[in-house]
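Only one structure is covered here, and it is reproduced in the block below.
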Amino acid sequence: MSASSESPAASMPGPPRGQLAALLTLVTGAACLLLQDYAPWMVRFPEAWTLPATELVGTGLDAVLSAIKPVMRAWSWLLSYPMSWANAVLVGSPWPLIIGAFTAAGWYIGGFRMASLTFLGFGFVLLSGYWSESMNTLSLVSVSVPLAVLAGGSLGILANEVPRIRAALLATLDAMQTIPTFAYLTPLLLLFGFGPVVGLVASAIYAAPPMARNVILGLERVDPEVKEASIMSGASRWQQLFLVEIPAASQQIMVGVNQCLMASLSMVIIAAVIGGFNDIGWEVLLTMRKAQFGQAFLAGLVIVIFAIVIDRLSGSLALERKRHDRRVTWGLLLSGAVGAALLALTGADTAPEGVFSAAAVAVDDSLGAFTATHGATLDGIKTSAMFYGLLPLRIGLDQAVLPFTWGFQWTPAMSLWLFAIAVLAGLGLAAAGRHMAGAGLVIAVGVVETGIAELPWPFVIVGTMSLAWVAQGTRLAVLSAALLGLVLISGLWDRALLSLYLSGAAVVACVVVGGAIGLLSAVSGIAWIIIRPVCDMLQTIPLFVFLIPTLMFFQIGEFSAFLAICAYAVVPMIRYTRHGLVSTPPEMLEAATSSGATPWQTMTDVRMPYAAPTILLGLNQTILYAFAMLVIAALIGTTGLGQSIYLALGQADVGLGVSAGAAMAILAFVADRLAQGFAEERRKALGL
């Protein structure tokens with residue numbers, strides 16, 4: 001591809017690239033609107049034109065899986081041994097010894113604060129009544145994490161040593177991180193059978209990519225002078241790698257271990273769906289199914305405590321070089337052993353019954369009383385959000401605005417008036433020199449009037465191509481069109497639009513709310529002191545736990561899924577918005593102040609434009625988080641690809657699960673590349 005095809009829009013003759021893209025999108029949308037009665041295929045892709053993708057994929061994978069199943073079953077048998085050993089050690093050891101050992105590790109790594117956090121965290125787990133289930137969970141993590149570290153570390157080293165395969169390996173890692181976890185649980189279930197080992201393998205697969213990425217990043221950042229010194233000393237390549245470069249990259253590699261641990265722990269409940277393992281994830285799932293929200297909340301809180309303690313311990317290994325007094329470490333360990341011996345002598349070495357059971361029952365009673373008293377208000381909030389927000393965005397104003405919801409019937413004349421007003425407003429913006437804003441307004445009105453789930457397929461593909469062309473050029477535009485075309489002919493297009501609708505609505509809500517909170521955090525240090533620990537907590541909570549509070553108040557339904565997605569995906573928007581706004585160079589702020597700009601003018605004309613690339617990266621992460629949570633939210637009432645993946649898991653339908661997962665990954669991949677492209681464009685415009 002020639003360099004001219006990727007040149008910036010400013011160097012192109014004629015109208016800027018953005019204006020041409022917007023015009024092409026508008027023309028496509030208008031053509032679909034005008035010709036829908038004469039050419040229905042321009043709106044709804046004919047089913048006769050689709051390929052039996054799920055059947056073809058299922059047939060092909062069944063043949064492959066059947067061929068390798070004996071080998072995988074042998075691996076399952078082998079992996080069951082370390083799993084059972086870890087389980088025997090953690091479940092069979094007296095609880096004082098376990099708490100003493102982890103508290104000693106906390107002291108050695110992080111001193112008094114870390115030891116206190118570890119002791120209080122494991123103490124809560126003990127008193128919760130879920131000690132044995134928690135140790136089962138910890139045994140799964142203790143085996144899956146070394147597997148993920150070994151696999152991810154090997155891939156990272158391979159990419160560093162063989163640069164030719166780095167691009168392909170990074171693309172594979174992208175795919176592994178964008179394909180929903182439920183999508184590859186189905187083939188794993190067929191390969192490894194039902195039981196805890198399949199959850200172990202799923203956790204290791206999910207946790208390996210962050211390890212590989214951090215190894216690659218760490219080895220790339222090794223100082224060239226360090227490498228040259230090892231070469232000059234006559235070291236062989238393997239000696240350079242293992243004795244010099246890997247130790248030099250150890251801090252970044254330990255960050256990868258931290259992320260690996262958190263990823264593995266977040267898979268605990270998902271693995272419980274197929275693992276048949278009596279761990280804390282299964283307790284959350286079981287109590288949620290029984291609508292015992294007090295117990296579900298307590299079990300979920302145990303996972304959160306585990307996540308916080310493990311995150312802090314592994315994070316300290318990555319960031320803190322100081323190690324504390326070993327005498328105290330041995331003393332804490334000895335105290336745990338003495339406590340275990342005393343309990344064994346008294347015959348009370350089993351974990352105590354849950355002292356919070358009464359509190360869980362009280363939560364259920366209080367929740368029942370609250371919903372009985374305020375049920376009408378909660379239903380009103382949910383109904384209003386659905387009728388006046390989500391439903392119009394899903395199926396459009398012409399189908400959602402009805403007499404029993406809005407009090408009147410939407411008519412074609414109203415659509416014409418709405419489009420006319422939008423066109424006039426767009427022309428006004430264009431006359432003021434804001435061509436892109438004018439075209440964007442008209443396109444947004446068309447999307448809202450039609451509904452995301454009802455958008456004509458040519459409009460979606462051409463609009464995505466246009467955005468990709470503006471963001472990164474012809475290559476991404478062609479790739480986006482080809483990938484969306486695969487979804488179209490696979491017969492999963494309607495379900496993909498439903499997924500796009502719900503994740504898109506959640507992303508918009510996260511941008512508005514998260515952007516506002518990030519702005520507040522940037523201008524107010526006190527606000528950030530309050531908001532930061534909340535963000536830290538939300539980022540350590542495993543995905544499944546987000547479903548519990550929404551179910552407690554709003555029961556199963558699309559609105560509950562929407563809230564769960566927003567709660568999980570809003571944190572990157574908050575963090576990146578604040579980081580971008582507070583990172584403005586002081587000289588730029590001084591120049592704005594000396595020119596007489598007000599604080600608001602400084603914010604809108606200096607800090608926000610400078611922060612735009614960082615905020616766009618936050619948008620990128622928010623989109624990926626929303627897609628990741630979308631499949632989990634299928635458990636409480638979503639439709640679309642997430643529901644298809646979950647149903648495929650229950651039916652052991654490999655073709656549907658993999659096809660729907662691939663379609664979801666395509667949507668996430670395209671959105672990721674678009675956001676990255678616009679962020680890079682803004683960085684270049686700012687000279688960064």
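Residue numbering restarts at 1 in every chain; chains get A, B, ... in the order shown in the structure tokens, and ligands count up from 1 in that same order.
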
Could you produce a table of the residues of stretch 525-610 of chain A lying within 12 Å of stretch 354-371 of chain A, with the nearest pair of atoms per residue and their separation in Å rounded to one decimal, using only C-alpha atoms, ordered by chain and increasing residue number, as JSON lines?
{"residue": "A:Pro549", "atom": "CA", "partner": "A:Leu367", "partner_atom": "CA", "distance": 10.7}
{"residue": "A:Leu551", "atom": "CA", "partner": "A:Leu367", "partner_atom": "CA", "distance": 11.1}
{"residue": "A:Met552", "atom": "CA", "partner": "A:Leu367", "partner_atom": "CA", "distance": 7.4}
{"residue": "A:Phe553", "atom": "CA", "partner": "A:Thr371", "partner_atom": "CA", "distance": 7.1}
{"residue": "A:Phe554", "atom": "CA", "partner": "A:Thr371", "partner_atom": "CA", "distance": 9.2}
{"residue": "A:Gln555", "atom": "CA", "partner": "A:Thr371", "partner_atom": "CA", "distance": 10.6}

- Got a sec: who's within 10 Å of A:Ala175, counting only C-alpha atoms, leaving out chain neighbours fewer than 3 positions off, as a PyMOL selection string? chain A and resi 169-172+178-180+209+662+665-666+668-669

- Item | Selection near stretch 98-103 of chain A, 6 Å with only C-alpha atoms, sequence-local residues under 3 positions removed, as a list in words |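 After dropping sequence-adjacent residues, the list is Trp95, Gly106, Ala115, Thr118, Phe119, Leu332, Leu333 and Gly336 of chain A.
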
- Item | alpha helix (DSSP H) residues, from DSSP on the backbone, in stretch 316-548 of chain A, as a PyMOL selection string | chain A and resi 316-319+326-346+357-385+391-395+397-400+412-431+435-450+457-472+474-489+493-523+525-540+547-548

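Taking only C-alpha atoms into account, A:Gly18 lies nearest to A:Gln472 out of the set A:Thr604, A:Ser521, A:Gln472, A:Ser560.
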
- Which is closer to A:Gly485 than all the others in A:Phe194, A:Phe559, A:Trp77, A:Trp457, using only C-alpha atoms?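 Of all the options, A:Trp457 lies closest to A:Gly485.
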
- Message: Applying 8 Å and only C-alpha atoms, which residues near stretch 421-435 of chain A remain after dropping the ones on its own chain fewer than 6 positions away? List them as a VMD selection string.
- Response: chain A and resid 19 441 to 442 445
